[in-house]
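Text of work-v8.pdb (PDB, C-alpha atoms) as supplied:
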ATOM      1  CA  MET A   1      15.769  12.395  13.121
ATOM      2  CA  ASN A   2      13.981  10.209  15.727
ATOM      3  CA  GLY A   3      12.767   6.626  15.258
ATOM      4  CA  GLN A   4       9.222   7.564  14.228
ATOM      5  CA  ALA A   5      10.488  10.087  11.662
ATOM      6  CA  LEU A   6      12.896   7.490  10.273
ATOM      7  CA  GLY A   7      10.012   4.993  10.077
ATOM      8  CA  LEU A   8       7.964   7.592   8.213
ATOM      9  CA  ALA A   9      10.738   8.391   5.718
ATOM     10  CA  VAL A  10      11.641   4.742   5.013
ATOM     11  CA  SER A  11       8.008   3.588   4.706
ATOM     12  CA  VAL A  12       6.954   6.420   2.395
ATOM     13  CA  PHE A  13      10.127   6.081   0.283
ATOM     14  CA  LEU A  14       9.698   2.302  -0.169
ATOM     15  CA  ALA A  15       5.924   2.505  -0.779
ATOM     16  CA  CYS A  16       6.409   5.249  -3.320
ATOM     17  CA  ALA A  17       9.305   3.441  -5.028
ATOM     18  CA  VAL A  18       7.261   0.238  -5.447
ATOM     19  CA  GLU A  19       4.250   2.082  -6.873
ATOM     20  CA  ALA A  20       6.529   4.204  -9.095
ATOM     21  CA  VAL A  21       8.084   1.023 -10.554
ATOM     22  CA  GLU A  22       4.578  -0.249 -11.416
ATOM     23  CA  ALA A  23       3.510   3.104 -12.891
ATOM     24  CA  LEU A  24       6.759   3.328 -14.874
ATOM     25  CA  THR A  25       5.997   0.003 -16.576
ATOM     26  CA  ILE A  26       2.661   1.355 -17.852
ATOM     27  CA  VAL A  27       4.130   4.693 -19.014
ATOM     28  CA  LEU A  28       7.023   2.900 -20.760
ATOM     29  CA  ALA A  29       4.631   0.492 -22.508
ATOM     30  CA  VAL A  30       2.432   3.208 -24.042
ATOM     31  CA  GLY A  31       5.387   5.560 -24.592
ATOM     32  CA  THR A  32       7.513   3.093 -26.568
ATOM     33  CA  THR A  33       4.536   1.628 -28.467
ATOM     34  CA  ARG A  34       2.582   4.804 -29.300
ATOM     35  CA  SER A  35       3.574   8.317 -28.196
ATOM     36  CA  TRP A  36       6.179   9.432 -25.677
ATOM     37  CA  ARG A  37       4.829  12.970 -25.670
ATOM     38  CA  SER A  38       1.284  11.902 -24.771
ATOM     39  CA  ALA A  39       2.397   9.247 -22.260
ATOM     40  CA  LEU A  40       4.633  11.720 -20.414
ATOM     41  CA  GLY A  41       1.856  14.335 -20.601
ATOM     42  CA  GLY A  42      -0.585  11.888 -18.993
ATOM     43  CA  ALA A  43       1.925  10.970 -16.277
ATOM     44  CA  ALA A  44       2.660  14.654 -15.532
ATOM     45  CA  ALA A  45      -1.082  15.462 -15.346
ATOM     46  CA  ALA A  46      -1.578  12.590 -12.868
ATOM     47  CA  VAL A  47       1.329  13.811 -10.714
ATOM     48  CA  LEU A  48      -0.253  17.287 -10.649
ATOM     49  CA  ALA A  49      -3.614  15.750  -9.633
ATOM     50  CA  LEU A  50      -1.888  13.821  -6.820
ATOM     51  CA  ILE A  51      -0.140  16.991  -5.597
ATOM     52  CA  ALA A  52      -3.507  18.803  -5.643
ATOM     53  CA  ALA A  53      -5.132  15.955  -3.653
ATOM     54  CA  THR A  54      -2.309  16.169  -1.094
ATOM     55  CA  ALA A  55      -2.688  19.948  -0.818
ATOM     56  CA  VAL A  56      -6.459  19.645  -0.258
ATOM     57  CA  LEU A  57      -6.482  16.651   2.134
ATOM     58  CA  GLY A  58      -3.298  17.480   4.117
ATOM     59  CA  PRO A  59      -4.478  20.570   6.019
ATOM     60  CA  GLY A  60      -7.850  18.895   6.752
ATOM     61  CA  LEU A  61      -6.125  15.922   8.381
ATOM     62  CA  THR A  62      -3.616  17.960  10.412
ATOM     63  CA  SER A  63      -6.419  20.132  11.826
ATOM     64  CA  LEU A  64      -8.094  17.111  13.527
ATOM     65  CA  PRO A  65      -7.728  16.755  17.347
ATOM     66  CA  ILE A  66      -4.747  14.496  18.167
ATOM     67  CA  ASP A  67      -6.748  11.498  19.478
ATOM     68  CA  THR A  68      -9.160  11.566  16.533
ATOM     69  CA  LEU A  69      -6.214  11.954  14.161
ATOM     70  CA  ARG A  70      -4.452   8.939  15.695
ATOM     71  CA  LEU A  71      -7.606   6.831  15.501
ATOM     72  CA  VAL A  72      -8.247   7.751  11.846
ATOM     73  CA  VAL A  73      -4.566   7.446  10.878
ATOM     74  CA  GLY A  74      -4.131   4.186  12.795
ATOM     75  CA  GLY A  75      -7.216   2.687  11.159
ATOM     76  CA  LEU A  76      -6.188   3.750   7.648
ATOM     77  CA  LEU A  77      -2.586   2.596   8.085
ATOM     78  CA  LEU A  78      -3.805  -0.756   9.375
ATOM     79  CA  VAL A  79      -6.245  -1.266   6.521
ATOM     80  CA  PHE A  80      -3.612  -0.358   3.902
ATOM     81  CA  GLY A  81      -0.761  -2.076   5.764
ATOM     82  CA  LEU A  82      -2.637  -5.357   6.106
ATOM     83  CA  GLN A  83      -3.427  -5.313   2.363
ATOM     84  CA  TRP A  84       0.279  -4.882   1.529
ATOM     85  CA  LEU A  85       1.395  -7.439   4.107
ATOM     86  CA  ARG A  86      -1.233  -9.990   3.089
ATOM     87  CA  LYS A  87      -0.204  -9.865  -0.572
ATOM     88  CA  ALA A  88       3.503 -10.034   0.307
ATOM     89  CA  ILE A  89       2.905 -13.064   2.575
ATOM     90  CA  LEU A  90       0.776 -14.801  -0.090
ATOM     91  CA  ARG A  91       3.503 -14.206  -2.709
ATOM     92  CA  GLY A  92       6.239 -15.303  -0.287
ATOM     93  CA  ALA A  93       4.312 -18.498   0.484
ATOM     94  CA  GLY A  94       3.740 -19.264  -3.196
ATOM     95  CA  LEU A  95      -0.039 -18.759  -2.953
ATOM     96  CA  LYS A  96       0.001 -15.799  -5.364
ATOM     97  CA  SER A  97       2.212 -15.234  -8.378
ATOM     98  CA  LEU A  98       4.982 -12.641  -8.094
ATOM     99  CA  HIS A  99       4.528  -9.277  -9.783
ATOM    100  CA  ASP A 100       6.222  -9.656 -13.178
ATOM    101  CA  GLU A 101       6.995  -6.209 -14.632
ATOM    102  CA  GLU A 102       8.210  -7.641 -17.951
ATOM    103  CA  GLU A 103       4.993  -9.626 -18.430
ATOM    104  CA  ILE A 104       2.867  -6.584 -17.516
ATOM    105  CA  PHE A 105       4.944  -4.488 -19.949
ATOM    106  CA  ARG A 106       4.344  -7.017 -22.750
ATOM    107  CA  LYS A 107       0.574  -7.075 -22.094
ATOM    108  CA  GLU A 108       0.271  -3.268 -21.908
ATOM    109  CA  ALA A 109       2.385  -2.835 -25.050
ATOM    110  CA  ALA A 110       0.296  -5.410 -26.943
ATOM    111  CA  ALA A 111      -2.940  -3.660 -25.898
ATOM    112  CA  ALA A 112      -1.469  -0.283 -26.927
ATOM    113  CA  ALA A 113      -0.399  -1.627 -30.327
ATOM    114  CA  ALA A 114      -3.856  -3.142 -30.894
ATOM    115  CA  ALA A 115      -5.606   0.182 -30.165
ATOM    116  CA  GLY A 116      -5.082   1.532 -33.687
ATOM    117  CA  ALA A 117      -2.633   4.086 -35.081
ATOM    118  CA  PRO A 118      -1.622   6.851 -32.669
ATOM    119  CA  HIS A 119      -2.714  10.422 -33.364
ATOM    120  CA  ASP A 120      -0.064  12.840 -34.585
ATOM    121  CA  ARG A 121      -0.257  15.491 -31.883
ATOM    122  CA  LEU A 122      -1.934  14.360 -28.653
ATOM    123  CA  ASP A 123      -2.703  10.629 -28.565
ATOM    124  CA  PRO A 124      -5.735  10.199 -26.252
ATOM    125  CA  TYR A 125      -5.027   6.490 -25.666
ATOM    126  CA  SER A 126      -1.451   7.049 -24.453
ATOM    127  CA  PHE A 127      -2.439  10.071 -22.377
ATOM    128  CA  THR A 128      -5.370   8.297 -20.687
ATOM    129  CA  ILE A 129      -3.570   5.026 -19.943
ATOM    130  CA  ALA A 130      -0.515   6.829 -18.513
ATOM    131  CA  PHE A 131      -2.742   9.199 -16.522
ATOM    132  CA  LYS A 132      -4.835   6.370 -15.039
ATOM    133  CA  GLY A 133      -1.798   4.208 -14.298
ATOM    134  CA  VAL A 134       0.101   6.926 -12.442
ATOM    135  CA  LEU A 135      -3.010   8.224 -10.639
ATOM    136  CA  LEU A 136      -4.147   4.822  -9.382
ATOM    137  CA  GLU A 137      -0.664   3.708  -8.304
ATOM    138  CA  GLY A 138      -0.024   7.103  -6.705
ATOM    139  CA  LEU A 139      -3.283   7.499  -4.809
ATOM    140  CA  GLU A 140      -2.405   4.894  -2.205
ATOM    141  CA  VAL A 141       1.017   6.484  -1.704
ATOM    142  CA  VAL A 142      -0.662   9.865  -1.183
ATOM    143  CA  PHE A 143      -2.814   8.329   1.572
ATOM    144  CA  ILE A 144       0.184   6.628   3.179
ATOM    145  CA  ALA A 145       2.314   9.798   3.052
ATOM    146  CA  LEU A 146      -0.567  11.953   4.310
ATOM    147  CA  THR A 147      -1.564   9.718   7.199
ATOM    148  CA  PHE A 148       2.008   9.059   8.309
ATOM    149  CA  GLY A 149       3.069  12.686   7.841
ATOM    150  CA  ALA A 150      -0.032  14.291   9.374
ATOM    151  CA  ASN A 151       0.166  12.277  12.578
ATOM    152  CA  GLN A 152       3.763  13.371  13.192
ATOM    153  CA  HIS A 153       3.211  16.834  11.724
ATOM    154  CA  ARG A 154       5.952  16.036   9.218
ATOM    155  CA  LEU A 155       4.148  16.319   5.892
ATOM    156  CA  GLY A 156       7.269  17.983   4.456
ATOM    157  CA  LEU A 157       9.442  14.956   5.274
ATOM    158  CA  ALA A 158       6.813  12.608   3.783
ATOM    159  CA  ALA A 159       6.710  14.708   0.595
ATOM    160  CA  VAL A 160      10.524  14.717   0.310
ATOM    161  CA  ALA A 161      10.690  10.917   0.788
ATOM    162  CA  ALA A 162       7.952  10.379  -1.831
ATOM    163  CA  GLY A 163       9.544  12.839  -4.267
ATOM    164  CA  ALA A 164      12.993  11.242  -3.864
ATOM    165  CA  ALA A 165      11.563   7.799  -4.695
ATOM    166  CA  VAL A 166       9.745   9.081  -7.806
ATOM    167  CA  VAL A 167      12.846  10.934  -9.058
ATOM    168  CA  LEU A 168      15.077   7.890  -8.462
ATOM    169  CA  VAL A 169      12.743   5.438 -10.244
ATOM    170  CA  ALA A 170      12.065   7.863 -13.114
ATOM    171  CA  ALA A 171      15.799   8.528 -13.569
ATOM    172  CA  ILE A 172      16.592   4.804 -13.713
ATOM    173  CA  GLY A 173      13.647   4.251 -16.069
ATOM    174  CA  VAL A 174      14.833   6.992 -18.435
ATOM    175  CA  ALA A 175      18.377   5.608 -18.320
ATOM    176  CA  ILE A 176      17.549   1.984 -19.115
ATOM    177  CA  ARG A 177      14.271   2.484 -21.083
ATOM    178  CA  SER A 178      12.862  -0.843 -19.920
ATOM    179  CA  PRO A 179      10.741  -2.067 -16.979
ATOM    180  CA  LEU A 180      12.574  -2.404 -13.673
ATOM    181  CA  ALA A 181      12.152  -6.166 -13.493
ATOM    182  CA  ASN A 182      15.000  -6.798 -11.051
ATOM    183  CA  VAL A 183      13.692  -4.611  -8.234
ATOM    184  CA  PRO A 184      12.863  -6.847  -5.216
ATOM    185  CA  GLU A 185       9.253  -5.644  -5.210
ATOM    186  CA  ASN A 186       7.903  -8.286  -2.845
ATOM    187  CA  ALA A 187      10.593  -7.671  -0.218
ATOM    188  CA  MET A 188       9.882  -3.929  -0.444
ATOM    189  CA  LYS A 189       6.127  -4.504  -0.164
ATOM    190  CA  PHE A 190       6.704  -6.803   2.807
ATOM    191  CA  SER A 191       8.785  -4.109   4.563
ATOM    192  CA  VAL A 192       6.202  -1.402   3.865
ATOM    193  CA  GLY A 193       3.408  -3.704   5.067
ATOM    194  CA  VAL A 194       5.265  -4.428   8.315
ATOM    195  CA  MET A 195       5.901  -0.721   8.984
ATOM    196  CA  LEU A 196       2.343   0.403   8.149
ATOM    197  CA  THR A 197       0.801  -2.391  10.219
ATOM    198  CA  SER A 198       3.078  -1.725  13.226
ATOM    199  CA  PHE A 199       2.486   2.025  13.224
ATOM    200  CA  GLY A 200      -1.226   1.409  12.559
ATOM    201  CA  ILE A 201      -1.492  -0.875  15.618
ATOM    202  CA  PHE A 202       0.397   1.668  17.740
ATOM    203  CA  TRP A 203      -1.492   4.813  16.747
ATOM    204  CA  GLY A 204      -4.866   3.081  16.357
ATOM    205  CA  ALA A 205      -4.707   1.713  19.917
ATOM    206  CA  GLU A 206      -3.569   5.109  21.276
ATOM    207  CA  GLY A 207      -6.320   6.909  19.384
ATOM    208  CA  ALA A 208      -8.912   4.493  20.805
ATOM    209  CA  GLY A 209      -7.745   5.327  24.338
ATOM    210  CA  ALA A 210      -5.171   2.606  25.143
ATOM    211  CA  GLN A 211      -1.804   3.395  26.699
ATOM    212  CA  TRP A 212       1.292   1.490  25.636
ATOM    213  CA  PRO A 213       3.661   0.201  28.318
ATOM    214  CA  GLU A 214       6.928   2.165  27.878
ATOM    215  CA  GLY A 215       5.172   4.675  25.566
ATOM    216  CA  ASP A 216       6.812   5.250  22.161
ATOM    217  CA  ALA A 217       9.460   2.596  22.936
ATOM    218  CA  ALA A 218       6.744  -0.037  22.395
ATOM    219  CA  LEU A 219       7.243   0.527  18.661
ATOM    220  CA  LEU A 220      10.758  -0.912  18.975
ATOM    221  CA  LEU A 221       9.120  -4.206  19.941
ATOM    222  CA  LEU A 222       6.056  -3.950  17.715
ATOM    223  CA  VAL A 223       7.949  -3.618  14.403
ATOM    224  CA  PRO A 224      10.147  -6.736  14.865
ATOM    225  CA  ALA A 225       7.199  -8.643  16.353
ATOM    226  CA  VAL A 226       4.995  -7.937  13.304
ATOM    227  CA  ALA A 227       7.902  -8.813  10.970
ATOM    228  CA  ALA A 228       8.623 -12.079  12.821
ATOM    229  CA  PHE A 229       4.933 -13.073  12.904
ATOM    230  CA  SER A 230       4.573 -12.360   9.166
ATOM    231  CA  LEU A 231       7.689 -14.403   8.330
ATOM    232  CA  LEU A 232       6.268 -17.215  10.452
ATOM    233  CA  LEU A 233       3.052 -17.097   8.391
ATOM    234  CA  VAL A 234       5.089 -17.240   5.151
ATOM    235  CA  ARG A 235       6.936 -20.298   6.444
ATOM    236  CA  LEU A 236       3.824 -21.976   7.799
ATOM    237  CA  PHE A 237       1.733 -21.516   4.658
ATOM    238  CA  ARG A 238       4.655 -22.253   2.306
ATOM    239  CA  SER A 239       5.089 -25.645   3.939
ATOM    240  CA  THR A 240       1.319 -26.201   3.678
ATOM    241  CA  VAL A 241       1.499 -25.499  -0.065
ATOM    242  CA  VAL A 242       4.512 -27.805  -0.484
ATOM    243  CA  VAL A 243       2.805 -30.589   1.476
ATOM    244  CA  GLY A 244      -0.377 -30.089  -0.605
ATOM    245  CA  ARG A 245       1.620 -30.378  -3.845
ATOM    246  CA  ALA A 246       3.457 -33.462  -2.572
ATOM    247  CA  VAL A 247       0.150 -35.139  -1.713
ATOM    248  CA  GLU A 248      -1.238 -34.280  -5.172
ATOM    249  CA  ALA A 249       1.884 -35.690  -6.843
TER     250      ALA A 249
ATOM    251  CA  MET B   1     -27.293   8.799  -8.084
ATOM    252  CA  THR B   2     -25.503   6.183 -10.171
ATOM    253  CA  ARG B   3     -22.308   8.272 -10.134
ATOM    254  CA  LEU B   4     -22.607   8.807  -6.380
ATOM    255  CA  ARG B   5     -23.060   5.080  -5.886
ATOM    256  CA  ALA B   6     -20.106   4.337  -8.179
ATOM    257  CA  ALA B   7     -17.951   6.813  -6.227
ATOM    258  CA  ALA B   8     -18.976   5.202  -2.920
ATOM    259  CA  VAL B   9     -18.256   1.710  -4.259
ATOM    260  CA  GLY B  10     -14.892   2.930  -5.649
ATOM    261  CA  ALA B  11     -13.925   4.505  -2.303
ATOM    262  CA  TRP B  12     -14.894   1.337  -0.419
ATOM    263  CA  GLU B  13     -12.920  -0.881  -2.814
ATOM    264  CA  PHE B  14      -9.922   1.460  -2.541
ATOM    265  CA  LEU B  15      -9.985   1.308   1.256
ATOM    266  CA  ALA B  16     -10.994  -2.313   1.834
ATOM    267  CA  GLY B  17      -9.110  -3.816  -1.123
ATOM    268  CA  ASP B  18      -9.970  -7.422  -1.885
ATOM    269  CA  ASP B  19     -10.447  -8.402   1.753
ATOM    270  CA  TRP B  20     -13.360  -6.514   3.307
ATOM    271  CA  VAL B  21     -13.543  -8.928   6.255
ATOM    272  CA  THR B  22     -10.146  -7.715   7.491
ATOM    273  CA  ALA B  23     -11.149  -4.058   7.027
ATOM    274  CA  ILE B  24     -14.311  -4.598   9.112
ATOM    275  CA  GLY B  25     -12.245  -6.570  11.645
ATOM    276  CA  VAL B  26      -9.873  -3.599  12.065
ATOM    277  CA  LEU B  27     -12.829  -1.268  12.746
ATOM    278  CA  LEU B  28     -14.291  -3.707  15.297
ATOM    279  CA  ALA B  29     -10.907  -4.125  17.009
ATOM    280  CA  LEU B  30     -10.534  -0.342  17.343
ATOM    281  CA  GLY B  31     -14.055  -0.217  18.810
ATOM    282  CA  VAL B  32     -13.297  -2.977  21.332
ATOM    283  CA  THR B  33     -10.059  -1.187  22.308
ATOM    284  CA  GLY B  34     -12.091   1.966  22.950
ATOM    285  CA  LEU B  35     -14.545   0.041  25.150
ATOM    286  CA  VAL B  36     -11.897  -1.897  27.104
ATOM    287  CA  SER B  37      -9.678   1.156  27.626
ATOM    288  CA  GLU B  38     -12.275   2.697  29.971
ATOM    289  CA  GLY B  39     -11.171   0.686  32.968
ATOM    290  CA  SER B  40      -8.028  -1.277  32.195
ATOM    291  CA  GLU B  41      -4.960  -1.629  30.013
ATOM    292  CA  ALA B  42      -6.218  -2.180  26.476
ATOM    293  CA  TRP B  43      -3.027  -2.065  24.406
ATOM    294  CA  PHE B  44      -3.017  -5.843  23.877
ATOM    295  CA  VAL B  45      -6.318  -5.872  21.932
ATOM    296  CA  MET B  46      -4.939  -4.453  18.660
ATOM    297  CA  PRO B  47      -1.844  -6.707  18.275
ATOM    298  CA  LEU B  48      -3.965  -9.743  19.144
ATOM    299  CA  ALA B  49      -6.746  -8.774  16.716
ATOM    300  CA  VAL B  50      -4.318  -7.947  13.892
ATOM    301  CA  GLY B  51      -2.486 -11.283  14.334
ATOM    302  CA  LEU B  52      -5.796 -13.121  14.196
ATOM    303  CA  LEU B  53      -7.159 -11.154  11.216
ATOM    304  CA  LEU B  54      -3.959 -11.615   9.202
ATOM    305  CA  THR B  55      -3.797 -15.355   9.915
ATOM    306  CA  LEU B  56      -7.460 -15.838   8.992
ATOM    307  CA  SER B  57      -7.030 -13.818   5.812
ATOM    308  CA  ILE B  58      -4.051 -15.904   4.650
ATOM    309  CA  TRP B  59      -5.803 -19.124   5.673
ATOM    310  CA  ARG B  60      -8.911 -18.204   3.627
ATOM    311  CA  GLU B  61      -6.732 -17.485   0.597
ATOM    312  CA  ALA B  62      -4.799 -20.754   1.079
ATOM    313  CA  ARG B  63      -8.084 -22.658   1.168
ATOM    314  CA  LYS B  64      -9.229 -21.006  -2.062
ATOM    315  CA  HIS B  65      -5.845 -21.891  -3.577
ATOM    316  CA  ASP B  66      -6.245 -25.534  -2.548
ATOM    317  CA  GLN B  67      -9.776 -25.754  -3.970
ATOM    318  CA  ALA B  68      -8.741 -24.201  -7.334
TER     319      ALA B  68
END
Output the file's structure in the form of C-alpha cells.
Amino acid sequence: MNGQALGLAVSVFLACAVEAVEALTIVLAVGTTRSWRSALGGAAAAVLALIAATAVLGPGLTSLPIDTLRLVVGGLLLVFGLQWLRKAILRGAGLKSLHDEEEIFRKEAAAAAAAGAPHDRLDPYSFTIAFKGVLLEGLEVVFIALTFGANQHRLGLAAVAAGAAVVLVAAIGVAIRSPLANVPENAMKFSVGVMLTSFGIFWGAEGAGAQWPEGDAALLLLVPAVAAFSLLLVRLFRSTVVVGRAVEA
Amino acid sequence: MTRLRAAAVGAWEFLAGDDWVTAIGVLLALGVTGLVSEGSEAWFVMPLAVGLLLTLSIWREARKHDQA
C-alpha cells in the first residue's frame, strides 16, 4: 500500500468512525427510549440509501477525465476538509464547545420520550429519527470516500475502510449500550481535516494545471505543513481567548 | 419550484457548510491557479490561499465570539 492509499484508508476510516459515533448516539437514544426494532430498521434503511448513492455516484465520478476529476475532487475535499479543520481548530482554541455525546443523548432521549407512546409494531418516530440521523451523518462520509477513492481508482479500499469503521463503532455500541463519550472526537476530526485539506490542495492544484515540485512527494511536506499551521492557529487563537477572558476579569 | 429551490439550498448548505466565504474562496483560488499555471509554476497559489482562508475564517469566528 503506497502513501496515498494509506492516506485514503486512514482518512475514510477516521471520518466514518467519527460520523458513526454521532449517528450511534441518535440511534441509541430513540432505541432505548422508544423502539429498538424501528430505530434499527431506520438505521438499516439509511445505510442501504447510502450504499445506493455510492453505487450511483461512484461510476459517474470515475468516468471523468483525470484532470477534471482531480479538479472536482480537490475542490470538494478542500471544501469539506476546511469545514472539519475549522471546527476542530475552533474547539481546540475554546471558541466552540466540544461535541458532548452524553448531552446529545440526553436531549434526543428527552425529545423521544416527549413524542407520545410508541406504536406497537413499526414506530414512525423512531424509524424517521434514526433514518435521518444515519443518512445525514453518512452522506458526508460517502462524499469523502467517493472523492478520495475515485481519484485513486480505489473505491473498494475506501468502502472497506468505511465499512470497518461502521462495524467497529456499531460493535462497541452494542456491547456497551451507551454513547461513546470517551472517543477523542475532536482529535479525530482534526486529523481528518488535515488529511482532506492536504490532499485537496494537492489534487486541486494539479487539476487546475499546476505541477508540484518533486511530484507526489510534495504530499509528504504538505500534510505536516497543514497540521503544523493548524496547530499554530489553535495556539494563537487560544491565547487570544485567554487574554480576552483575563481582560474581562 | 419550491422543492427544486429547497433541494438547491440544501445542496449548497451541505457543500458550503456554515462558512460560504471559504467555499467561494476555494473556487476562486482554483481559478487563479488555472490562470497562473499557463506560463509559470502555480503550485504555491493553493497552499497560500488555503492558509489565508482558514486564518480569516477562524478570525471571523473569534470576533463573533468576543462580541457575544
Neighbours of chain B in chain A at 7 Å, counting all atoms listed in the file, as a PyMOL selection string: chain A and resi 75+79+83+86+90+95+201+204-205+208-212
Selection dump of the PyMOL selection byres ((chain A and resi 174) around 12), as a PyMOL selection string: chain A and resi 21+24-25+27-28+31-32+36+40+166-173+175-180
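You can rank A:Val160, A:Ala93, A:Ile51, A:Ser239 by their closest distance to Leu139 of chain A using all atoms listed in the file, and at the top of that list sits A:Ile51.
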Shell of 9 Å around Leu50 of chain A, only C-alpha atoms, local chain residues under 2 positions omitted, as a PyMOL selection string: chain A and resi 45-48+52-55+135+138-139+142
Residue with smallest distance to Leu52 of chain B - pool A:Leu98, A:Met195, A:Ala88, A:Leu82, counting all atoms listed in the file: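 The closest residue to Leu52 of chain B is A:Leu82.
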Two-atom distance - atom CA of Leu78 of chain A, atom CA of Leu56 of chain B (Å):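 About the pair atom CA of Leu78 of chain A and atom CA of Leu56 of chain B: they are 15.5 Å apart.
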